[in-house]
Every structure is written in C-alpha cells, then in structure tokens.
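Engineer: Dropping a structure here in structure tokens format, bear with me for questions.
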Amino acid sequence: MSAIIKFRPGFSILPFDAPLGAEVIGLDVGAPLDDDFAALHQAHLDHHVLVFRDQHISPRQQVRFSRRFGPLQIHVLRQFQLASDAEVLIISNIREQGRPIGLGDAGHYWHSDLSYKAVPSLGSMLHAQQLPRDGGDTLFANQHTAWERLPDDLRAAVRETRAEHSYLAKYAELQKRSPWRPNLTQAQIDEVAPAIHPVVRTHPETGRLALFVSEHFTTRILDVSAQRSEQVLQALFDHSTRDALVYRHRWQPGDLVFWVNRSVTHLAGGCPPDQRRMLYRTTIEGDAPF
Ligand code: SIN
C-alpha cells in the first residue's frame, strides 16, 4: 500500500495500489485552487490519473478547472457538444426521441485522446453525470511503464520510428456497431486529416519516454513493409495494454477523473445498453509529440 502524501491539513494525495493513479483528497475543483495548483500539477506528472471524489460542479466549473492546464480542444463530432458549453463533449449511451445525446461508444478501443491530430491532447477530464448499475468502468494503461518493460528487440525496432494516426481508421467499423454514428461531412474529414507521430514520445516536462500508439488510431509504422508494420503494431498493442499496466476506475457518483494522454491510453469497459450512462468530457490541448 502506498503512503499518503499530505500537502496541508485537509489536502492530500493517496497513490493507488496500482500501476498508476491516485486519489486527490480534500480539494473542491470548483473553487479557486491557487495555493494548491502547483501540488496538483506535480501530482498529474507523477501519477498520470487523478481521481477527485464528490465533485458537485457545473459544466462551466469543469471547463474552468480544465483550462488551468491549457486551452481546450473541441471534438470533431460537434453534434455531441453540450449546448451550453461547446468545450464539453457528452459521452453517453442515452437516446432521447430515438436520437443519441452523446458519443455512446467513445473509448471502445484503447486510445490516447486526439492522437490523430498534429497537436494531440495533454489530458482529459470526465465528470460522472449518470452511472449504470453494472459495469461502465474506464481502464487506464501506463505507457511509460509499457516502454520501460518492452522487450529489447521491440525497443530497438521502434525507438526511432514514426507512425500514422487516423481518426477514420476504425470509423466505418464503429458505424457498423453503432449505426447512429453520423456520416462525416467533407469539412469534418478535412478537420481530422491523419497525423504522423513518434512511436516513442518524450514527456515535455518530465523527460520520461512513453509508447504512443493505440489500436484505435494508429494505422501503420512508416518506412517498413505493411506486413512488418502490422506485426510490430500488434505486438505493441498487446504489450501496452497488459493487466500489469492497468488501473481500472470504478465510477462513483460525483467522480471527476483527470488523465494524462501523454502518459496513458484508456478504454471504456462498456455497460449493458439498457442502463443509462452519461459523463461530461473536456479535452486539454497538449503539444506536438517529439
Ligand atoms: C473516452 O474514451 O473518452 C470515454 C471513456 C469512457 O467512457 O469510459
């Protein structure tokens, strides 16, 4: 069991007994955090997933808290924005009058948010609104440890390589599973033109290396044959999502979870379709991976 880190009376951080993640105890993210922000900033560098329990905040407060870490990014599927706050993406399986109110299958494959953009996301926040009775967990895999534990031959094979990330890679497949997924307009397709990133990225603040590929968005490794690319990517996907690297978040009402897309990939575990699930997501812009 990891030791609790106390910053001041009433504010502490409890690292999970897991390959990543910590609970932040005693902070109201809706309040100004000036004196505590530096500690929180360090915690996201150290633990990669931060869980804040009992956060009864408005979408506007979530936007304000998210902006403390950087400018926010708007998802290409504008139809799932919250009407009052464009920076909030609705993640939900709920339908109203037959129409989906949110992106119901977000996170169906392991991914790092917006890795298909030239400037992907630093991190994302999800705030629980409605939770299913069964399932609905979110899984996070530590990509620093994935890199550090990669077998030597694979490390040598990928250290200097680059890969393509594409939003469209699995879009048709997802549309088959989820026919409510809209056809994209040409403007939307143009907005998500594929991006090229290093397979192993350097965290700009800590200098730590991390694997930066995912089964959802990474389509190919550049400058190798299609067969070799497929073989190496499959080996990386299998390695980087092993149980030994994963923290499974079991949601509770009021939870706000902040994860660092530079350091982790994540997956939505799924829940019975007849049980309502809704969370609000904000996505913070990062930097071009190097
Ligand atoms: C996401 O990938 O942003 C959503 C994860 C989830 O719904 O658990």
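Simple scheme: letters A, B, ... for chains in structure tokens order, numbers from 1 for residues in each chain, numbers from 1 for ligands in the order shown.
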Hey, could you make a per-residue contact list for chain A against ligand 1 with 6 Å as the cut-off, showing the nearest pair of atoms and its distance in Å to one decimal, counting only C-alpha atoms and all ligand atoms, sorted by chain and number, as a Markdown table?

Structural biologist:
```
| residue | atom | partner | partner_atom_place_in_ligand_line | distance |
| --- | --- | --- | --- | --- |
| A:Ala106 | CA | ligand 1 | 2 (O) | 4.7 |
| A:Gly107 | CA | ligand 1 | 2 (O) | 3.4 |
| A:Thr138 | CA | ligand 1 | 8 (O) | 4.2 |
| A:Leu267 | CA | ligand 1 | 2 (O) | 6.0 |
| A:Ala268 | CA | ligand 1 | 8 (O) | 3.8 |
```

Engineer: Go ahead and save the picked residues with all heavy atoms, as a CSV table (one decimal), in the first residue's frame.

Structural biologist:
```csv
chain,number,residue,atom,x,y,z
A,106,ALA,N,-17.6,6.0,-27.3
A,106,ALA,CA,-16.3,6.6,-27.2
A,106,ALA,C,-15.5,5.6,-26.3
A,106,ALA,O,-16.0,5.1,-25.3
A,106,ALA,CB,-16.4,7.9,-26.5
A,107,GLY,N,-14.3,5.4,-26.7
A,107,GLY,CA,-13.4,4.6,-25.8
A,107,GLY,C,-13.6,3.1,-26.1
A,107,GLY,O,-13.1,2.3,-25.3
A,138,THR,N,-13.8,2.6,-16.6
A,138,THR,CA,-12.8,3.1,-17.5
A,138,THR,C,-11.4,2.5,-17.1
A,138,THR,O,-11.1,2.6,-15.9
A,138,THR,CB,-12.7,4.6,-17.6
A,138,THR,OG1,-14.1,5.1,-17.8
A,138,THR,CG2,-11.9,5.1,-18.7
A,267,LEU,N,-9.5,3.0,-22.1
A,267,LEU,CA,-10.5,2.1,-22.7
A,267,LEU,C,-11.8,2.2,-21.9
A,267,LEU,O,-11.7,2.2,-20.7
A,267,LEU,CB,-10.0,0.7,-22.7
A,267,LEU,CG,-11.0,-0.4,-23.2
A,267,LEU,CD1,-10.9,-0.4,-24.8
A,267,LEU,CD2,-10.5,-1.8,-22.7
A,268,ALA,N,-13.0,2.3,-22.6
A,268,ALA,CA,-14.2,2.2,-21.9
A,268,ALA,C,-14.6,0.8,-21.8
A,268,ALA,O,-14.8,0.1,-22.8
A,268,ALA,CB,-15.3,3.0,-22.6
```

Engineer: List the neighbours of segment 195-197 of chain A out to 12 Å using only C-alpha atoms; skip same-chain residues closer than 4 positions along the sequence, and give me the result as a count of residues only.

Structural biologist: 35

Engineer: Choose the residue, out of A:Pro19, A:Gly123, A:Pro59, A:Pro32, that has the smallest atom-to-atom separation from His47 of chain A; count only C-alpha atoms.

Structural biologist: A:Pro19

Engineer: Taking only C-alpha atoms into account, which of A:Phe16, A:Phe65, A:Tyr109, A:Phe80 comes nearest Gly270 of chain A?

Structural biologist: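 Ranking A:Phe16, A:Phe65, A:Tyr109, A:Phe80 by distance to Gly270 of chain A, first place goes to A:Tyr109.
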
Engineer: To one decimal place, how far is atom CA of Gln61 of chain A from atom CA of Gln129 of chain A in Å?

Structural biologist: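 Answer for the atom CA of Gln61 of chain A to atom CA of Gln129 of chain A separation: 14.0 Å.
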